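Student: Structure file structure_31.cif (mmCIF, C-alpha atoms and all ligand atoms) is given on the next line.
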```
data_start
#
loop_
_atom_site.label_atom_id
_atom_site.label_comp_id
_atom_site.auth_asym_id
_atom_site.auth_seq_id
_atom_site.Cartn_x
_atom_site.Cartn_y
_atom_site.Cartn_z
CA MET A 1410 0.00 0.00 0.00
CA THR A 1411 1.22 3.52 -0.76
CA ALA A 1412 -0.32 6.17 1.44
CA GLN A 1413 -2.25 9.08 0.02
CA ARG A 1414 -0.48 12.33 0.73
CA ILE A 1415 -2.35 15.12 2.48
CA ASP A 1416 -1.10 18.18 0.65
CA GLY A 1417 -0.76 21.08 3.11
CA ILE A 1418 0.01 23.56 0.34
CA ALA A 1419 -3.12 22.77 -1.68
CA LEU A 1420 -5.33 22.77 1.43
CA SER A 1421 -3.78 26.05 2.58
CA GLN A 1422 -4.53 27.66 -0.77
CA LYS A 1423 -8.17 26.62 -0.45
CA LEU A 1424 -8.48 27.91 3.11
CA ARG A 1425 -6.63 31.14 2.30
CA ALA A 1426 -9.00 31.80 -0.61
CA ASP A 1427 -11.84 31.60 1.92
CA VAL A 1428 -9.95 33.96 4.27
CA THR A 1429 -9.62 36.47 1.42
CA LEU A 1430 -13.34 36.26 0.65
CA ARG A 1431 -14.35 36.77 4.28
CA THR A 1432 -11.78 39.57 4.66
CA THR A 1433 -13.27 41.37 1.67
CA ALA A 1434 -16.73 41.05 3.22
CA LEU A 1435 -15.46 42.46 6.51
CA LYS A 1436 -13.67 45.33 4.77
CA ALA A 1437 -16.97 46.26 3.14
CA LYS A 1438 -18.25 46.81 6.70
CA GLY A 1439 -15.29 49.06 7.47
CA ILE A 1440 -13.14 46.53 9.35
CA THR A 1441 -9.77 45.35 8.07
CA PRO A 1442 -8.47 42.40 10.11
CA GLY A 1443 -5.10 43.39 11.52
CA LEU A 1444 -2.23 41.33 12.93
CA ALA A 1445 0.69 42.73 14.91
CA VAL A 1446 3.81 40.58 14.89
CA ILE A 1447 6.51 41.38 17.45
CA LEU A 1448 10.06 40.19 17.02
CA VAL A 1449 12.68 40.76 19.70
CA GLY A 1450 16.29 40.09 18.77
CA GLU A 1451 18.02 38.75 15.70
CA ASN A 1452 17.27 35.00 15.72
CA PRO A 1453 17.63 34.09 12.00
CA ALA A 1454 14.91 31.42 12.01
CA SER A 1455 12.50 33.79 13.79
CA GLN A 1456 13.21 36.48 11.20
CA VAL A 1457 12.15 34.09 8.43
CA TYR A 1458 9.03 33.00 10.34
CA VAL A 1459 7.82 36.57 10.99
CA ARG A 1460 8.49 37.61 7.39
CA ASN A 1461 6.41 34.67 6.16
CA LYS A 1462 3.58 35.53 8.53
CA VAL A 1463 3.47 39.17 7.47
CA LYS A 1464 3.63 38.22 3.77
CA ALA A 1465 0.80 35.71 4.21
CA CYS A 1466 -1.34 38.47 5.74
CA GLU A 1467 -0.62 40.81 2.84
CA ASP A 1468 -1.37 38.09 0.27
CA SER A 1469 -4.77 37.43 1.86
CA GLY A 1470 -5.75 41.09 2.22
CA LEU A 1471 -5.21 41.39 5.97
CA HIS A 1472 -3.45 44.36 7.50
CA SER A 1473 -0.25 43.51 9.37
CA ILE A 1474 2.49 45.32 11.19
CA LEU A 1475 5.90 43.94 12.03
CA GLU A 1476 7.60 45.42 15.06
CA LYS A 1477 11.28 44.59 15.28
CA HIS A 1478 12.99 45.33 18.57
CA PRO A 1479 16.62 44.89 19.57
CA ALA A 1480 17.52 41.97 21.85
CA SER A 1481 18.24 44.57 24.56
CA LEU A 1482 14.55 45.53 24.80
CA THR A 1483 13.46 45.39 28.43
CA GLU A 1484 10.60 43.22 29.59
CA ALA A 1485 8.77 46.30 30.83
CA ALA A 1486 9.07 47.99 27.44
CA LEU A 1487 7.71 44.90 25.70
CA LEU A 1488 4.79 44.71 28.13
CA ASN A 1489 4.05 48.38 27.40
CA ARG A 1490 3.97 47.69 23.67
CA ILE A 1491 1.56 44.80 24.20
CA ASP A 1492 -0.66 46.97 26.33
CA ALA A 1493 -0.77 49.59 23.57
CA LEU A 1494 -1.63 46.94 20.96
CA ASN A 1495 -4.32 45.49 23.24
CA HIS A 1496 -6.00 48.91 23.04
CA ASP A 1497 -5.36 49.47 19.31
CA THR A 1498 -8.71 49.01 17.54
CA GLY A 1499 -6.97 48.43 14.18
CA ILE A 1500 -5.20 45.36 15.55
CA HIS A 1501 -7.22 42.16 16.13
CA GLY A 1502 -4.40 39.69 16.65
CA ILE A 1503 -1.08 39.97 18.50
CA LEU A 1504 1.73 37.49 18.02
CA VAL A 1505 5.00 37.60 19.92
CA GLN A 1506 7.55 35.44 18.12
CA LEU A 1507 9.20 32.92 20.44
CA PRO A 1508 11.81 32.34 21.69
CA LEU A 1509 12.38 35.62 23.50
CA PRO A 1510 15.77 36.69 24.89
CA ALA A 1511 16.56 35.04 28.23
CA HIS A 1512 16.03 38.22 30.29
CA ILE A 1513 12.35 38.35 29.23
CA ASP A 1514 9.80 36.07 30.89
CA ALA A 1515 7.92 34.61 27.90
CA HIS A 1516 5.09 33.37 30.11
CA LYS A 1517 4.48 36.86 31.51
CA VAL A 1518 4.53 38.32 28.00
CA ILE A 1519 2.02 35.83 26.59
CA GLU A 1520 -0.29 36.38 29.55
CA ALA A 1521 -0.17 40.15 28.88
CA ILE A 1522 -1.83 39.67 25.48
CA SER A 1523 -5.58 40.20 25.60
CA PRO A 1524 -7.25 36.76 25.20
CA ALA A 1525 -9.48 38.39 22.56
CA LYS A 1526 -6.33 39.01 20.47
CA ASP A 1527 -4.44 35.81 21.35
CA VAL A 1528 -4.38 34.43 17.79
CA ASP A 1529 -1.48 32.08 18.58
CA GLY A 1530 -3.72 30.45 21.20
CA PHE A 1531 -0.93 30.30 23.80
CA HIS A 1532 -2.62 32.34 26.58
CA ILE A 1533 -3.86 30.38 29.58
CA ALA A 1534 -7.38 31.61 28.82
CA SER A 1535 -7.13 30.05 25.35
CA ALA A 1536 -5.76 26.80 26.80
CA GLY A 1537 -8.59 26.76 29.36
CA ALA A 1538 -11.18 27.43 26.66
CA LEU A 1539 -9.87 24.48 24.62
CA MET A 1540 -9.85 22.24 27.68
CA THR A 1541 -13.45 23.11 28.53
CA SER A 1542 -14.68 23.13 24.90
CA MET A 1543 -15.53 26.81 25.10
CA PRO A 1544 -15.00 29.32 22.26
CA GLY A 1545 -11.44 30.59 22.08
CA PHE A 1546 -8.41 30.51 19.83
CA TRP A 1547 -6.84 27.14 19.07
CA PRO A 1548 -3.04 26.97 18.68
CA CYS A 1549 -2.34 27.12 14.95
CA THR A 1550 -0.30 23.95 14.40
CA PRO A 1551 -2.66 21.40 15.97
CA TYR A 1552 -5.61 23.36 14.55
CA GLY A 1553 -4.02 22.90 11.11
CA CYS A 1554 -3.71 19.15 11.77
CA MET A 1555 -7.42 18.99 12.58
CA LYS A 1556 -8.21 20.76 9.30
CA MET A 1557 -6.08 18.18 7.47
CA LEU A 1558 -8.09 15.34 9.02
CA GLU A 1559 -11.30 17.17 8.13
CA SER A 1560 -10.08 17.59 4.53
CA ILE A 1561 -9.95 13.81 4.03
CA GLY A 1562 -13.35 13.39 5.70
CA TYR A 1563 -11.81 11.38 8.52
CA GLU A 1564 -14.27 10.37 11.26
CA LEU A 1565 -12.39 10.47 14.57
CA LYS A 1566 -15.23 9.16 16.72
CA GLY A 1567 -14.16 5.93 18.41
CA LYS A 1568 -10.73 5.89 16.78
CA HIS A 1569 -7.47 5.56 18.70
CA ALA A 1570 -5.28 8.64 18.21
CA VAL A 1571 -1.71 8.63 19.49
CA VAL A 1572 0.08 11.95 19.93
CA ILE A 1573 3.87 11.74 20.33
CA GLY A 1574 4.97 14.87 22.21
CA ARG A 1575 3.29 16.84 25.00
CA SER A 1576 4.38 20.44 24.50
CA ASN A 1577 1.96 23.23 25.41
CA ILE A 1578 1.90 24.50 21.82
CA VAL A 1579 1.51 21.24 19.89
CA GLY A 1580 1.17 17.92 21.73
CA LYS A 1581 -1.23 18.80 24.56
CA PRO A 1582 -3.63 20.98 22.53
CA MET A 1583 -3.53 18.37 19.74
CA ALA A 1584 -4.63 15.69 22.19
CA LEU A 1585 -7.48 17.87 23.49
CA MET A 1586 -8.73 18.63 19.96
CA LEU A 1587 -8.74 14.92 19.07
CA LEU A 1588 -10.54 14.17 22.33
CA GLN A 1589 -13.13 16.82 21.55
CA LYS A 1590 -13.88 14.90 18.34
CA ASN A 1591 -14.45 11.72 20.38
CA ALA A 1592 -11.21 9.92 19.60
CA THR A 1593 -9.62 7.81 22.32
CA VAL A 1594 -6.34 9.60 22.88
CA THR A 1595 -2.95 8.44 24.12
CA ILE A 1596 -0.17 10.97 24.72
CA CYS A 1597 3.42 9.75 24.52
CA HIS A 1598 6.56 11.57 25.66
CA SER A 1599 10.21 11.03 26.45
CA ALA A 1600 9.45 8.76 29.41
CA THR A 1601 7.02 6.56 27.48
CA GLN A 1602 8.04 2.92 27.55
CA ASP A 1603 7.69 0.89 24.37
CA LEU A 1604 6.45 3.62 22.02
CA LYS A 1605 6.12 1.08 19.22
CA ALA A 1606 3.63 -1.06 21.15
CA ILE A 1607 1.42 2.03 21.51
CA THR A 1608 1.74 3.45 18.00
CA LEU A 1609 0.97 0.03 16.49
CA GLN A 1610 -2.51 0.31 18.05
CA ALA A 1611 -3.14 3.75 16.56
CA ASP A 1612 -5.59 4.68 13.82
CA VAL A 1613 -4.12 8.19 13.82
CA ILE A 1614 -0.57 9.17 14.79
CA VAL A 1615 0.62 12.73 15.27
CA ALA A 1616 4.39 13.00 15.60
CA ALA A 1617 5.45 16.25 17.31
CA VAL A 1618 8.85 15.58 18.82
CA GLY A 1619 11.61 17.27 16.83
CA LYS A 1620 13.66 14.11 16.24
CA ARG A 1621 14.17 12.46 12.88
CA ASN A 1622 12.83 8.92 12.37
CA ILE A 1623 11.00 8.81 15.71
CA LEU A 1624 8.31 6.94 13.74
CA THR A 1625 9.34 4.15 11.37
CA ALA A 1626 7.30 1.77 9.19
CA ASP A 1627 7.42 -1.10 11.71
CA MET A 1628 5.65 1.17 14.26
CA VAL A 1629 2.60 1.90 12.09
CA LYS A 1630 -0.59 -0.14 11.67
CA PRO A 1631 -1.47 -0.63 7.97
CA GLY A 1632 -3.86 2.10 6.83
CA ALA A 1633 -3.22 4.47 9.74
CA VAL A 1634 -3.25 8.24 9.24
CA VAL A 1635 0.13 9.81 10.01
CA LEU A 1636 0.55 13.54 10.59
CA ASP A 1637 4.14 14.74 10.82
CA VAL A 1638 4.58 18.00 12.74
CA GLY A 1639 8.34 17.71 13.23
CA MET A 1640 10.78 20.07 11.58
CA ASN A 1641 14.34 18.79 11.44
CA ARG A 1642 17.31 18.87 9.08
CA ASN A 1643 18.85 15.75 7.55
CA GLU A 1644 22.57 15.17 6.88
CA GLU A 1645 22.34 17.22 3.68
CA GLY A 1646 20.72 20.09 5.56
CA LYS A 1647 17.32 19.46 3.96
CA LEU A 1648 14.11 20.00 5.90
CA CYS A 1649 12.54 16.76 7.12
CA GLY A 1650 10.01 15.66 9.69
CA ASP A 1651 9.90 13.20 12.59
CA VAL A 1652 8.61 10.39 10.40
CA ASP A 1653 10.67 8.10 8.19
CA PHE A 1654 8.58 9.18 5.23
CA ALA A 1655 9.84 6.70 2.62
CA GLY A 1656 9.18 3.73 4.88
CA VAL A 1657 5.94 4.85 6.56
CA GLU A 1658 4.44 5.86 3.21
CA GLN A 1659 4.41 2.15 2.30
CA VAL A 1660 2.27 1.24 5.32
CA ALA A 1661 0.05 4.22 6.19
CA GLY A 1662 -3.28 5.08 4.59
CA TYR A 1663 -2.62 8.82 4.64
CA ILE A 1664 0.54 10.77 5.38
CA THR A 1665 1.64 14.41 5.47
CA PRO A 1666 4.96 15.25 3.79
CA VAL A 1667 7.65 17.54 5.17
CA PRO A 1668 7.99 20.08 3.66
CA GLY A 1669 4.55 20.86 2.26
CA GLY A 1670 2.45 19.29 4.99
CA VAL A 1671 1.66 20.68 8.43
CA GLY A 1672 4.07 23.66 8.05
CA PRO A 1673 2.00 25.73 5.60
CA MET A 1674 -1.14 24.95 7.60
CA THR A 1675 0.28 26.65 10.69
CA ILE A 1676 0.44 30.07 9.03
CA THR A 1677 -2.91 29.51 7.37
CA MET A 1678 -4.58 28.91 10.72
CA LEU A 1679 -2.95 32.10 12.05
CA LEU A 1680 -4.74 33.97 9.27
CA VAL A 1681 -8.00 32.19 10.11
CA ASN A 1682 -7.64 33.07 13.81
CA THR A 1683 -6.87 36.72 13.03
CA LEU A 1684 -9.85 36.96 10.72
CA GLU A 1685 -12.07 35.35 13.36
CA ALA A 1686 -10.81 37.79 15.99
CA ALA A 1687 -11.93 40.64 13.74
CA GLU A 1688 -15.25 38.94 12.93
CA ARG A 1689 -15.97 38.53 16.64
CA ILE A 1690 -15.44 42.27 17.22
CA GLN A 1691 -17.73 43.01 14.30
CA ALA A 1692 -20.40 40.73 15.76
CA ILE A 1693 -20.51 42.73 19.01
CA ASP A 1694 -23.37 45.21 18.96
CA PHE A 1695 -21.88 48.28 20.66
CA SER A 1696 -25.18 50.14 20.49
CA VAL A 1697 -26.72 48.06 23.30
P1 LIG A 1701 9.11 20.41 22.31
O1 LIG A 1701 8.51 21.47 23.15
O2 LIG A 1701 10.58 20.21 22.31
O3 LIG A 1701 8.41 19.03 22.70
C1 LIG A 1701 8.88 17.82 22.20
C2 LIG A 1701 8.11 16.70 22.84
O4 LIG A 1701 8.65 15.46 22.35
C3 LIG A 1701 8.24 16.66 24.36
O5 LIG A 1701 6.97 16.48 24.93
C4 LIG A 1701 9.13 15.45 24.62
O6 LIG A 1701 8.82 14.76 25.79
C5 LIG A 1701 8.80 14.57 23.44
N1 LIG A 1701 9.87 13.61 23.18
C6 LIG A 1701 11.21 13.84 23.14
N2 LIG A 1701 11.86 12.69 22.88
C7 LIG A 1701 10.93 11.73 22.76
C8 LIG A 1701 10.98 10.34 22.49
N3 LIG A 1701 12.14 9.71 22.29
N4 LIG A 1701 9.83 9.64 22.45
C9 LIG A 1701 8.65 10.26 22.63
N5 LIG A 1701 8.53 11.59 22.89
C10 LIG A 1701 9.66 12.31 22.94
O7 LIG A 1701 8.71 20.60 20.77
P2 LIG A 1701 7.42 21.27 20.09
O8 LIG A 1701 7.49 22.73 20.21
O9 LIG A 1701 6.19 20.55 20.51
O10 LIG A 1701 7.74 20.89 18.57
C11 LIG A 1701 7.88 19.55 18.16
C12 LIG A 1701 8.37 19.53 16.73
O11 LIG A 1701 7.41 20.16 15.89
C13 LIG A 1701 9.69 20.30 16.49
O12 LIG A 1701 10.40 19.67 15.46
C14 LIG A 1701 9.22 21.65 16.00
O13 LIG A 1701 10.17 22.31 15.19
C15 LIG A 1701 8.01 21.24 15.19
N6 LIG A 1701 7.00 22.28 15.03
C16 LIG A 1701 6.53 22.44 13.76
C17 LIG A 1701 5.55 23.37 13.54
C18 LIG A 1701 5.04 23.51 12.15
O14 LIG A 1701 4.45 24.52 11.83
N7 LIG A 1701 5.23 22.50 11.31
C19 LIG A 1701 5.06 24.16 14.58
C20 LIG A 1701 5.53 23.92 15.88
C21 LIG A 1701 6.50 22.97 16.09
P3 LIG A 1701 9.03 15.39 27.28
O15 LIG A 1701 7.86 16.29 27.48
O16 LIG A 1701 9.01 14.21 28.17
O17 LIG A 1701 10.34 16.12 27.25
#
```
Mind converting the file's structure to structure tokens?

Tutor:
Amino acid sequence: MTAQRIDGIALSQKLRADVTLRTTALKAKGITPGLAVILVGENPASQVYVRNKVKACEDSGLHSILEKHPASLTEAALLNRIDALNHDTGIHGILVQLPLPAHIDAHKVIEAISPAKDVDGFHIASAGALMTSMPGFWPCTPYGCMKMLESIGYELKGKHAVVIGRSNIVGKPMALMLLQKNATVTICHSATQDLKAITLQADVIVAAVGKRNILTADMVKPGAVVLDVGMNRNEEGKLCGDVDFAGVEQVAGYITPVPGGVGPMTITMLLVNTLEAAERIQAIDFSV
């Protein structure tokens, strides 16, 4: 069996076309969805990420601002900027690119963002909303994975989903989203014993570790759906995921490639969240 690939680029294009349509409709009502992206320091990877986010906004008709600050920016100054953006009616989403320099408490900074503008979905209020199935913003990467499952019409109810990784931004929210769709969920991590015995039982596997070949063909049940969140570099410096793609592709039913899988979906869901933040403001009747 050769797995069907879930194409994150094609799905992103479809979802971004919808974002553009809804953005145009909102603009006609006098609201342009706006995203503020804050970068502190000179981390080269972060510079690429923020550039891509801002470009994606522009391409879809959203307004975006990129604030670049030197690594010497104080925590207090950053908190002041966030406070100003919280009150800026032209900005509906605020994203602080992580990691931050060591002298800044990232947790404090994320908690300073208004939950109504927390389009990364990292605020405790967003995490709590996801946990209690209340409206809020879902973290973009696992949200993108859910859209990929939706795109193949996959019914999660009653299925066994195994998430490898338990970070606050990918693994844990991923598990909660799968649970919300009535999957039976197992979360694995670095202390998990016999990972293979667990993944072999899985109908859906999400690999979010950051280690090449954490999932190989002998660990996958024939026909399983495999979503690869990992971003690593191989010996030749090429981007690759956590999954041994060539091997697992022969066993799985569906698989996401790296690059061109989950990665593009992450930025797409950021656009969706920013648009939804603006739509929620529009839906509030201030005349009451
Ligand atoms: P992270 O915070 O480093 O978490 C990694 C998780 O993997 C931890 O929970 C860790 O367990 C677990 N782990 C480590 N070794 C393991 C092993 N041998 N077996 C099972 N679990 C193991 O990473 P992250 O932020 O979640 O990101 C994970 C990967 O996804 C990275 O490659 C990252 O670059 C990528 N990523 C991609 C996107 C995208 O848009 N495509 C977005 C975000 C992240 P412990 O908790 O026990 O340490």

Student: Please compute the CA of Ala1412 in chain A-atom N3 of ligand LIG 1701 (chain A) distance, one decimal, in Å.

Tutor: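 So the answer is 24.5 Å.
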
Student: May I ask which of the residues A:Gln1589, A:Asn1622, A:Ser1473, A:Asn1495 is the closest one to Gly1567 in chain A, counting all atoms listed in the file?

Tutor: A:Gln1589

Student: For the atom pair CA of Val1618 in chain A and CA of Glu1484 in chain A, what is the interatomic distance in Å to one decimal place?

Tutor: 29.7 Å

Student: Give me, as a PyMOL selection string, the set of residues whose atoms come within 8 Å of any atom of ligand LIG 1701 (chain A), counting all atoms listed in the file.

Tutor: chain A and resi 1549-1550+1573-1580+1597-1601+1604+1616-1620+1623+1637-1641+1650-1651+1670-1676

Student: Give me the residues near Phe1531 in chain A as a list in words, where near means some atom within 8 Å (using all atoms listed in the file) and where sequence neighbours in that chain fewer than 2 positions away do not count.

Tutor: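 Contacts, with the query itself left out: Ile1519, Asp1527, Asp1529, Ile1533, Ser1535, Ala1536, Pro1548, Asn1577 and Ile1578 of chain A.
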
Student: Just want the 8 Å neighbourhood of range 1642-1648 of chain A, counted on all atoms listed in the file, with same-chain residues fewer than 3 positions away dropped. Output as a ChimeraX atom specification.

Tutor: /A:1621,1667-1668

Student: Take the residues just selected and output them with C-alpha atoms as a CSV table (one decimal), in the frame of the given file.

Tutor:
```csv
chain,number,residue,atom,x,y,z
A,1621,ARG,CA,14.2,12.5,12.9
A,1667,VAL,CA,7.6,17.5,5.2
A,1668,PRO,CA,8.0,20.1,3.7
```

Student: Could you tell me how far CA of Ala1692 in chain A lies from CA of Val1459 in chain A, in Å and to one decimal?

Tutor: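 One can read the CA of Ala1692 in chain A to CA of Val1459 in chain A distance as 28.9 Å.
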
Student: Within 10 Å of (-2.8, 38.3, 18.7), in the coordinates the file gives, what residues turn up when you count all atoms listed in the file, written out as a ChimeraX atom specification?

Tutor: /A:1443-1447,1491,1494-1495,1500-1505,1519,1522-1532,1546,1679,1682-1683,1686

Student: Got a sec: who's within 9 Å of range 1512-1514 of chain A, counting only C-alpha atoms, leaving out chain neighbours fewer than 4 positions off, as an MDAnalysis selection string?

Tutor: chainID A and resid 1481:1485 1487 1518:1519

Student: Counting only C-alpha atoms, figure out which residue out of A:Lys1581, A:Lys1556, A:Lys1605, A:Arg1431 gets nearest to Ile1415 in chain A.

Tutor: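 Of A:Lys1581, A:Lys1556, A:Lys1605, A:Arg1431, the one nearest Ile1415 in chain A is A:Lys1556, counting only C-alpha atoms.
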
Student: Kindly provide, as lines of an AutoDock Vina configuration file, the centre and edge lengths (Å, one decimal) of an axis-aligned box around all atoms of range 1469-1479 of chain A given in the file, with 5 Å on each side.

Tutor:
```
center_x = 5.4
center_y = 41.4
center_z = 10.7
size_x = 32.4
size_y = 18.0
size_z = 27.7
```

Student: Which polymer residues, whether protein, DNA or RNA, lie within 10 Å of the coordinate (-3.6, 0.4, 19.5) when you count only C-alpha atoms? List them as a ChimeraX atom specification, using the chain letters and numbers from the file.

Tutor: /A:1568-1571,1593,1595,1605-1613,1629-1630
